[in-house]
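To be precise, the following lines are data-v2.cif, and they hold mmCIF, C-alpha atoms.
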```cif
data_final
loop_
_atom_site.label_atom_id
_atom_site.label_comp_id
_atom_site.auth_asym_id
_atom_site.auth_seq_id
_atom_site.Cartn_x
_atom_site.Cartn_y
_atom_site.Cartn_z
CA MET A 35 -33.30 -15.67 5.49
CA THR A 36 -35.83 -12.83 5.63
CA VAL A 37 -34.87 -9.60 3.92
CA ASN A 38 -36.71 -6.36 4.68
CA TYR A 39 -37.05 -4.89 1.24
CA GLU A 40 -37.79 -1.21 0.78
CA SER A 41 -41.26 -0.20 -0.33
CA GLU A 42 -42.04 0.90 -3.86
CA ALA A 43 -42.62 4.38 -2.41
CA ASP A 44 -39.06 4.39 -1.18
CA VAL A 45 -37.88 3.47 -4.67
CA GLU A 46 -39.82 6.34 -6.19
CA ALA A 47 -38.40 8.72 -3.57
CA GLU A 48 -35.02 8.44 -5.24
CA GLY A 49 -36.02 11.28 -7.51
CA GLY A 50 -35.33 13.93 -4.87
CA GLN A 51 -31.96 15.21 -3.68
CA GLN A 52 -31.79 12.68 -0.86
CA GLY A 53 -32.84 9.95 -3.25
CA GLY A 54 -30.08 10.99 -5.65
CA VAL A 55 -27.46 10.56 -2.97
CA GLN A 56 -29.00 7.21 -2.08
CA SER A 57 -28.80 6.13 -5.71
CA VAL A 58 -25.11 6.98 -5.85
CA ASP A 59 -24.50 5.02 -2.68
CA ARG A 60 -26.37 2.03 -4.07
CA ALA A 61 -24.49 2.20 -7.35
CA LEU A 62 -21.24 2.04 -5.40
CA GLN A 63 -22.59 -0.94 -3.47
CA VAL A 64 -23.28 -2.69 -6.76
CA LEU A 65 -19.73 -2.03 -7.95
CA GLU A 66 -18.28 -3.30 -4.68
CA ILE A 67 -20.28 -6.52 -4.96
CA LEU A 68 -19.12 -7.08 -8.54
CA ALA A 69 -15.51 -6.27 -7.61
CA ARG A 70 -15.67 -8.78 -4.75
CA ASP A 71 -17.51 -11.62 -6.51
CA GLY A 72 -16.34 -11.15 -10.10
CA HIS A 73 -19.88 -11.39 -11.46
CA ALA A 74 -23.45 -11.52 -10.15
CA GLY A 75 -27.05 -11.46 -11.33
CA VAL A 76 -29.78 -8.96 -10.57
CA SER A 77 -31.46 -11.24 -8.03
CA GLU A 78 -28.20 -11.93 -6.17
CA ILE A 79 -27.36 -8.23 -5.92
CA ALA A 80 -30.87 -7.26 -4.87
CA GLU A 81 -30.88 -9.98 -2.21
CA GLU A 82 -27.62 -8.78 -0.69
CA MET A 83 -28.58 -5.10 -0.80
CA GLY A 84 -32.12 -5.66 0.44
CA VAL A 85 -33.75 -3.72 -2.40
CA HIS A 86 -36.17 -4.52 -5.23
CA LYS A 87 -34.80 -6.10 -8.39
CA SER A 88 -36.21 -3.16 -10.35
CA THR A 89 -33.93 -0.81 -8.39
CA VAL A 90 -30.88 -2.94 -9.16
CA SER A 91 -31.87 -3.26 -12.82
CA ARG A 92 -32.15 0.51 -13.13
CA LEU A 93 -28.73 1.03 -11.52
CA LEU A 94 -27.11 -1.63 -13.69
CA GLY A 95 -28.68 -0.12 -16.79
CA SER A 96 -27.04 3.24 -16.09
CA LEU A 97 -23.69 1.61 -15.34
CA VAL A 98 -23.85 -0.50 -18.51
CA THR A 99 -24.59 2.62 -20.60
CA ARG A 100 -21.37 4.18 -19.31
CA GLU A 101 -19.43 0.90 -19.80
CA ILE A 102 -18.68 0.76 -16.06
CA VAL A 103 -20.49 -2.59 -15.96
CA HIS A 104 -20.78 -5.25 -18.66
CA GLN A 105 -23.47 -7.90 -19.02
CA ASN A 106 -22.39 -11.39 -19.97
CA SER A 107 -24.82 -12.32 -22.73
CA GLU A 108 -24.50 -16.07 -22.14
CA ARG A 109 -25.45 -16.17 -18.47
CA GLY A 110 -27.08 -12.80 -17.95
CA LYS A 111 -24.60 -12.04 -15.20
CA TYR A 112 -23.00 -8.64 -14.74
CA GLN A 113 -19.33 -7.86 -14.22
CA LEU A 114 -17.12 -4.79 -14.11
CA GLY A 115 -16.55 -3.30 -17.55
CA PHE A 116 -13.68 -1.60 -19.32
CA GLY A 117 -14.99 1.77 -18.20
CA VAL A 118 -13.62 1.01 -14.75
CA LEU A 119 -10.16 0.48 -16.22
CA ARG A 120 -10.47 3.74 -18.13
CA LEU A 121 -11.25 5.61 -14.94
CA ALA A 122 -8.67 3.77 -12.83
CA SER A 123 -5.87 4.21 -15.35
CA SER A 124 -5.97 7.97 -14.88
CA ILE A 125 -5.40 7.74 -11.13
CA PRO A 126 -1.88 6.32 -10.60
CA GLY A 127 -0.26 8.92 -12.84
CA ARG A 128 -1.80 11.71 -10.78
CA LEU A 129 -0.81 10.33 -7.44
CA SER A 130 2.49 11.54 -6.06
CA LEU A 131 4.01 9.19 -3.54
CA VAL A 132 6.07 11.99 -2.03
CA ARG A 133 3.10 14.34 -1.73
CA GLU A 134 0.81 11.72 -0.22
CA ALA A 135 3.45 10.40 2.18
CA ARG A 136 4.72 13.74 3.46
CA PRO A 137 2.20 14.29 6.32
CA PHE A 138 2.80 10.79 7.65
CA LEU A 139 6.58 11.21 7.55
CA GLU A 140 6.30 14.45 9.48
CA ASN A 141 3.97 12.90 12.06
CA LEU A 142 6.33 9.97 12.64
CA ALA A 143 9.34 12.26 12.97
CA GLU A 144 7.49 14.50 15.42
CA GLU A 145 6.15 11.65 17.53
CA TRP A 146 9.30 9.55 17.72
CA LYS A 147 11.86 12.37 17.60
CA GLU A 148 13.97 10.64 14.93
CA THR A 149 14.69 10.92 11.20
CA VAL A 150 12.11 9.41 8.84
CA ASN A 151 12.83 8.64 5.18
CA LEU A 152 10.80 7.58 2.16
CA ALA A 153 12.70 5.41 -0.33
CA VAL A 154 12.02 3.73 -3.68
CA LEU A 155 13.91 1.23 -5.82
CA ARG A 156 16.06 2.77 -8.56
CA SER A 157 18.92 1.25 -10.55
CA ASN A 158 19.64 -1.58 -8.09
CA TYR A 159 19.66 0.79 -5.11
CA ALA A 160 17.27 2.34 -2.64
CA VAL A 161 17.02 6.06 -3.29
CA ASN A 162 15.61 8.36 -0.63
CA VAL A 163 13.01 10.66 -2.16
CA ASP A 164 11.88 12.51 0.97
CA GLN A 165 12.93 13.03 4.57
CA ALA A 166 11.44 14.42 7.77
CA MET A 167 13.65 15.36 10.70
CA GLY A 168 12.64 14.79 14.30
CA PRO A 169 13.10 17.63 16.84
CA SER A 170 15.83 15.78 18.72
CA THR A 171 17.71 14.50 15.69
CA LEU A 172 21.45 14.82 16.25
CA ALA A 173 22.61 14.58 12.65
CA THR A 174 21.40 16.98 9.98
CA PHE A 175 22.53 14.99 6.93
CA ASP A 176 20.07 15.27 4.06
CA TRP A 177 19.55 11.78 2.61
CA VAL A 178 17.19 12.93 -0.17
CA GLY A 179 18.58 11.80 -3.53
CA SER A 180 21.11 9.47 -1.92
CA LEU A 181 21.50 5.96 -3.32
CA THR A 182 21.92 3.40 -0.55
CA PRO A 183 22.72 -0.34 -0.85
CA LEU A 184 19.75 -2.64 -0.66
CA HIS A 185 21.45 -5.30 1.47
CA ALA A 186 22.68 -2.92 4.18
CA THR A 187 19.66 -0.69 4.87
CA SER A 188 16.24 -1.40 6.33
CA SER A 189 14.49 0.27 3.38
CA GLY A 190 16.62 -1.72 0.98
CA LYS A 191 15.78 -5.01 2.67
CA VAL A 192 12.07 -4.22 2.48
CA LEU A 193 12.41 -3.52 -1.25
CA LEU A 194 14.55 -6.63 -1.81
CA ALA A 195 12.15 -8.89 0.08
CA ALA A 196 9.31 -7.83 -2.24
CA LEU A 197 11.13 -8.68 -5.47
CA PRO A 198 10.71 -11.93 -7.42
CA ALA A 199 13.57 -14.33 -6.69
CA ASP A 200 15.11 -14.01 -10.16
CA GLU A 201 15.10 -10.21 -10.04
CA ARG A 202 16.64 -10.25 -6.56
CA THR A 203 19.34 -12.65 -7.78
CA ARG A 204 20.14 -10.39 -10.73
CA ILE A 205 20.51 -7.30 -8.56
CA LEU A 206 22.65 -8.96 -5.91
CA LYS A 207 24.84 -10.50 -8.60
CA GLU A 208 25.42 -7.08 -10.15
CA THR A 209 25.95 -5.16 -6.92
CA GLY A 210 27.48 -7.85 -4.73
CA LEU A 211 27.30 -7.64 -0.94
CA PRO A 212 30.05 -5.19 -0.01
CA GLY A 213 30.68 -4.65 3.67
CA ARG A 214 29.82 -1.12 4.73
CA THR A 215 30.64 -1.84 8.38
CA PRO A 216 31.76 -4.91 10.33
CA ARG A 217 28.05 -5.63 10.96
CA THR A 218 26.96 -5.62 7.29
CA ILE A 219 25.51 -8.93 6.12
CA THR A 220 27.81 -10.14 3.34
CA ASP A 221 26.71 -13.79 3.25
CA ARG A 222 23.99 -14.44 0.66
CA LYS A 223 22.39 -17.31 2.60
CA ILE A 224 22.12 -15.26 5.77
CA LEU A 225 20.66 -12.34 3.81
CA GLU A 226 18.07 -14.56 2.12
CA LYS A 227 16.98 -15.88 5.51
CA GLN A 228 16.63 -12.32 6.77
CA LEU A 229 14.52 -11.40 3.75
CA ILE A 230 12.15 -14.29 4.48
CA ASP A 231 11.74 -12.89 7.99
CA VAL A 232 11.17 -9.39 6.57
CA ALA A 233 8.39 -10.66 4.29
CA HIS A 234 6.83 -12.57 7.18
CA ASN A 235 7.11 -9.85 9.83
CA GLY A 236 6.23 -6.92 7.57
CA TYR A 237 9.25 -4.85 8.56
CA ALA A 238 13.05 -4.82 8.39
CA VAL A 239 15.62 -3.73 10.98
CA THR A 240 19.30 -2.91 10.53
CA LEU A 241 21.69 -2.39 13.43
CA GLU A 242 24.77 -0.44 12.35
CA GLU A 243 24.92 -2.32 9.03
CA PHE A 244 25.06 0.76 6.82
CA GLU A 245 26.84 3.14 9.15
CA ILE A 246 28.41 2.62 12.56
CA GLY A 247 26.22 4.22 15.22
CA LEU A 248 23.04 4.19 13.08
CA ASN A 249 20.06 1.86 13.54
CA SER A 250 16.88 1.81 11.49
CA MET A 251 13.54 0.13 10.87
CA ALA A 252 11.47 0.17 7.66
CA VAL A 253 8.08 -1.00 6.38
CA PRO A 254 6.69 -1.33 2.84
CA VAL A 255 4.39 1.00 0.93
CA TYR A 256 2.01 -0.61 -1.57
CA ASN A 257 0.25 0.67 -4.69
CA HIS A 258 -3.28 0.01 -5.94
CA LEU A 259 -2.19 -3.38 -7.30
CA GLY A 260 -0.73 -4.52 -4.00
CA GLU A 261 2.84 -4.14 -5.25
CA VAL A 262 5.59 -2.71 -3.03
CA ILE A 263 6.52 0.68 -4.50
CA GLY A 264 8.52 2.13 -1.66
CA SER A 265 9.43 1.96 1.99
CA VAL A 266 9.21 4.20 5.03
CA SER A 267 12.09 4.03 7.48
CA ILE A 268 12.89 5.59 10.82
CA SER A 269 16.47 5.82 12.00
CA GLY A 270 18.42 7.10 14.96
CA PRO A 271 21.66 6.86 16.92
CA ALA A 272 22.44 3.33 18.04
CA PHE A 273 23.16 4.42 21.62
CA ARG A 274 19.51 5.42 22.16
CA PHE A 275 17.53 3.95 19.27
CA LYS A 276 16.96 0.18 19.34
CA PRO A 277 13.90 -0.13 17.04
CA GLU A 278 12.42 -3.44 18.18
CA GLU A 279 12.75 -2.47 21.83
CA VAL A 280 10.84 0.81 21.49
CA PRO A 281 7.26 0.19 22.72
CA GLY A 282 4.67 0.84 20.02
CA LEU A 283 7.15 1.73 17.27
CA VAL A 284 6.49 -1.30 15.08
CA GLU A 285 2.75 -0.66 15.21
CA ALA A 286 3.16 3.08 14.54
CA ILE A 287 5.42 2.77 11.51
CA THR A 288 3.36 -0.12 10.13
CA GLU A 289 0.20 1.96 10.40
CA ALA A 290 1.92 4.88 8.66
CA GLY A 291 3.00 2.60 5.82
CA LEU A 292 -0.52 1.27 5.39
CA ARG A 293 -2.08 4.74 5.50
CA ILE A 294 0.31 5.96 2.81
CA SER A 295 -0.49 2.82 0.82
CA ALA A 296 -4.21 3.60 1.14
CA LYS A 297 -3.51 7.03 -0.35
CA MET A 298 -1.92 5.22 -3.30
CA GLY A 299 -5.05 3.14 -3.80
CA TYR A 300 -4.07 0.04 -1.84
CA ARG A 301 -6.80 -2.02 -0.22
CA PRO A 302 -5.85 -5.03 1.93
CA ARG A 303 -7.41 -8.26 0.68
#
```
Take the structure in the file and write it out as structure tokens.
Amino acid sequence: MTVNYESEADVEAEGGQQGGVQSVDRALQVLEILARDGHAGVSEIAEEMGVHKSTVSRLLGSLVTREIVHQNSERGKYQLGFGVLRLASSIPGRLSLVREARPFLENLAEEWKETVNLAVLRSNYAVNVDQAMGPSTLATFDWVGSLTPLHATSSGKVLLAALPADERTRILKETGLPGRTPRTITDRKILEKQLIDVAHNGYAVTLEEFEIGLNSMAVPVYNHLGEVIGSVSISGPAFRFKPEEVPGLVEAITEAGLRISAKMGYRPR
């Protein structure tokens, strides 16, 4: 494979303002390569980036000085250093799920004219931490702060489906599967099968399982580690709102969940 390397003059040009921006961009490229491959040598990185090895060496030297990158003394390879963890550890604590999700909740509510909720797992229940009301919403009940059963709500099923089997077993053993309505799933085997479908499909639907006359659909929200930290749901009156039959709704709510997840640092693998 032929690589068109930059000229030495181009390397020297990095001293100016434009060159400084270029250096930052290249440093980020180096970090992305190391994050993807785990470790790499100067020649490998230079080959992929299409630059001189001297340019890569200079970038790596700066990153090593700041402990962002570490050189393996045995093989001469480079890998991400503890400095990355130091920087990353300060991010999650500053991110507010509610703050980051709010614009997306409002957009969904405005577009689909229904109620949109953001929920997280707390004390064996799904607790709604924010809500956006659509312009044609009939009910005005404020669900914020309300604890809802995991087995009978779309948000709850999303949160349950993401749990390890032993943790899910513990919660369901403690809470049981009480029937909220005649349509609530109270059989453990049926629920487990539903949760497999939820994990596979990427969304959950409940049809009058929590409250007669109320249907809903929910999708997961992920954090920077790829863990489910919440769910976004949209709900409406059963007489007009049949989630899986609404054209484009699955795609819209899924996209909203992923965009909120991206705000929380999530990157699909």
Within 10 Å of Ala296 (chain A), counting all atoms listed in the file, which residues qualify if same-chain residues fewer than 2 places away don't, as a PyMOL selection string?
-> chain A and resi 134+255-258+290-294+298-302
Quick one: apply the PyMOL selection byres ((chain A and resi 247) around 12) to the file and drop the selected residues here as a list in words.
->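 Selected by the PyMOL selection byres ((chain A and resi 247) around 12) here: Leu172, Ala173, Thr215, Pro216, Arg217, Thr240, Leu241, Glu242, Glu243, Phe244, Glu245, Ile246, Leu248, Asn249, Ser250, Ser269, Gly270, Pro271, Ala272, Phe273, Arg274, Phe275 and Lys276 of chain A.
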Could you work out how far CA of Lys207 (chain A) lies from CA of Arg222 (chain A), giving the answer in Å with one decimal?
->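 For CA of Arg222 (chain A) relative to CA of Lys207 (chain A), the distance reads 10.1 Å.
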Given the PyMOL selection byres ((chain A and resi 284) around 12) and the file above, list the residues it selects as a compact mmCIF listing (two decimals) with C-alpha atoms, in the frame of the given file.
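Contents of result07.txt, freshly written:
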```txt
# COMPACT_ATOMS: atom_id res chain seq x y z
CA LEU A 142 6.33 9.97 12.64
CA TRP A 146 9.30 9.55 17.72
CA ASN A 235 7.11 -9.85 9.83
CA GLY A 236 6.23 -6.92 7.57
CA TYR A 237 9.25 -4.85 8.56
CA ALA A 238 13.05 -4.82 8.39
CA VAL A 239 15.62 -3.73 10.98
CA SER A 250 16.88 1.81 11.49
CA MET A 251 13.54 0.13 10.87
CA ALA A 252 11.47 0.17 7.66
CA VAL A 253 8.08 -1.00 6.38
CA VAL A 266 9.21 4.20 5.03
CA SER A 267 12.09 4.03 7.48
CA ILE A 268 12.89 5.59 10.82
CA LYS A 276 16.96 0.18 19.34
CA PRO A 277 13.90 -0.13 17.04
CA GLU A 278 12.42 -3.44 18.18
CA GLU A 279 12.75 -2.47 21.83
CA VAL A 280 10.84 0.81 21.49
CA PRO A 281 7.26 0.19 22.72
CA GLY A 282 4.67 0.84 20.02
CA LEU A 283 7.15 1.73 17.27
CA GLU A 285 2.75 -0.66 15.21
CA ALA A 286 3.16 3.08 14.54
CA ILE A 287 5.42 2.77 11.51
CA THR A 288 3.36 -0.12 10.13
CA GLU A 289 0.20 1.96 10.40
CA ALA A 290 1.92 4.88 8.66
CA GLY A 291 3.00 2.60 5.82
```
Nearby residues, (24.2, 4.3, -0.1) file frame, 12 Å, all atoms listed in the file, as number ranges by chain = A: 153, 156, 158-162, 177-190, 209, 212-214, 243-245
Which distance in Å separates CA of Val103 (chain A) and CA of Glu82 (chain A), to one decimal?
->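 Separating CA of Val103 (chain A) from CA of Glu82 (chain A) is a distance of 18.0 Å.
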Within 8 Å of (-15.4, -3.9, -19.2) (coordinates as in the file), grab all the protein and nucleic acid residues, counting all atoms listed in the file, and write them out as a VMD selection string.
-> chain A and resid 101 to 104 113 to 119
Give me the result of the PyMOL selection byres ((chain A and resi 67-79) around 7) on this file, residue by residue, as a PyMOL selection string.
-> chain A and resi 63-66+80-83+87+90-91+110-114
How many Å separate CA of Thr149 (chain A) from CA of Gly264 (chain A)?
-> 16.8 Å
Starting from 4 Å padding per side, set up an axis-aligned box that covers all listed atoms of region 154-164 of chain A and hand over centre and edge lengths in Å, one decimal, as JSON.
```
{"center_x": 15.8, "center_y": 5.5, "center_z": -4.8, "size_x": 15.8, "size_y": 22.1, "size_z": 19.5}
```
Completion step: region 246-261 of chain A with N, CA, C and O atoms as an mmCIF file, in the frame of the given file:
```cif
data_model
loop_
_atom_site.group_PDB
_atom_site.id
_atom_site.type_symbol
_atom_site.label_atom_id
_atom_site.label_comp_id
_atom_site.auth_asym_id
_atom_site.auth_seq_id
_atom_site.Cartn_x
_atom_site.Cartn_y
_atom_site.Cartn_z
ATOM 1 N N ILE A 246 28.187 2.852 11.135
ATOM 2 C CA ILE A 246 28.410 2.620 12.560
ATOM 3 C C ILE A 246 27.692 3.707 13.364
ATOM 4 O O ILE A 246 27.793 4.895 13.065
ATOM 5 N N GLY A 247 26.938 3.259 14.372
ATOM 6 C CA GLY A 247 26.220 4.220 15.220
ATOM 7 C C GLY A 247 24.837 4.553 14.726
ATOM 8 O O GLY A 247 24.167 5.404 15.311
ATOM 9 N N LEU A 248 24.361 3.875 13.649
ATOM 10 C CA LEU A 248 23.040 4.190 13.080
ATOM 11 C C LEU A 248 22.191 2.925 12.996
ATOM 12 O O LEU A 248 22.577 1.939 12.372
ATOM 13 N N ASN A 249 21.037 2.951 13.623
ATOM 14 C CA ASN A 249 20.060 1.860 13.540
ATOM 15 C C ASN A 249 18.816 2.336 12.809
ATOM 16 O O ASN A 249 18.502 3.536 12.819
ATOM 17 N N SER A 250 18.094 1.402 12.213
ATOM 18 C CA SER A 250 16.880 1.810 11.490
ATOM 19 C C SER A 250 15.873 0.673 11.378
ATOM 20 O O SER A 250 16.211 -0.508 11.530
ATOM 21 N N MET A 251 14.640 1.067 11.109
ATOM 22 C CA MET A 251 13.540 0.130 10.870
ATOM 23 C C MET A 251 12.735 0.647 9.690
ATOM 24 O O MET A 251 12.553 1.864 9.537
ATOM 25 N N ALA A 252 12.243 -0.256 8.830
ATOM 26 C CA ALA A 252 11.470 0.170 7.660
ATOM 27 C C ALA A 252 10.297 -0.765 7.411
ATOM 28 O O ALA A 252 10.333 -1.953 7.771
ATOM 29 N N VAL A 253 9.261 -0.224 6.774
ATOM 30 C CA VAL A 253 8.080 -1.000 6.380
ATOM 31 C C VAL A 253 7.757 -0.686 4.919
ATOM 32 O O VAL A 253 8.184 0.348 4.391
ATOM 33 N N PRO A 254 7.021 -1.562 4.247
ATOM 34 C CA PRO A 254 6.690 -1.330 2.840
ATOM 35 C C PRO A 254 5.541 -0.361 2.624
ATOM 36 O O PRO A 254 4.716 -0.144 3.508
ATOM 37 N N VAL A 255 5.518 0.202 1.416
ATOM 38 C CA VAL A 255 4.390 1.000 0.930
ATOM 39 C C VAL A 255 3.902 0.322 -0.343
ATOM 40 O O VAL A 255 4.702 -0.018 -1.220
ATOM 41 N N TYR A 256 2.591 0.117 -0.442
ATOM 42 C CA TYR A 256 2.010 -0.610 -1.570
ATOM 43 C C TYR A 256 1.234 0.332 -2.501
ATOM 44 O O TYR A 256 0.748 1.381 -2.081
ATOM 45 N N ASN A 257 1.088 -0.090 -3.760
ATOM 46 C CA ASN A 257 0.250 0.670 -4.690
ATOM 47 C C ASN A 257 -1.113 0.012 -4.835
ATOM 48 O O ASN A 257 -1.443 -0.926 -4.096
ATOM 49 N N HIS A 258 -1.916 0.484 -5.780
ATOM 50 C CA HIS A 258 -3.280 0.010 -5.940
ATOM 51 C C HIS A 258 -3.353 -1.447 -6.394
ATOM 52 O O HIS A 258 -4.407 -2.081 -6.316
ATOM 53 N N LEU A 259 -2.230 -1.986 -6.872
ATOM 54 C CA LEU A 259 -2.190 -3.380 -7.300
ATOM 55 C C LEU A 259 -1.634 -4.298 -6.213
ATOM 56 O O LEU A 259 -1.489 -5.501 -6.418
ATOM 57 N N GLY A 260 -1.300 -3.722 -5.073
ATOM 58 C CA GLY A 260 -0.730 -4.520 -4.000
ATOM 59 C C GLY A 260 0.756 -4.762 -4.149
ATOM 60 O O GLY A 260 1.337 -5.611 -3.456
ATOM 61 N N GLU A 261 1.403 -4.005 -5.035
ATOM 62 C CA GLU A 261 2.840 -4.140 -5.250
ATOM 63 C C GLU A 261 3.592 -3.171 -4.337
ATOM 64 O O GLU A 261 3.130 -2.058 -4.087
#
```
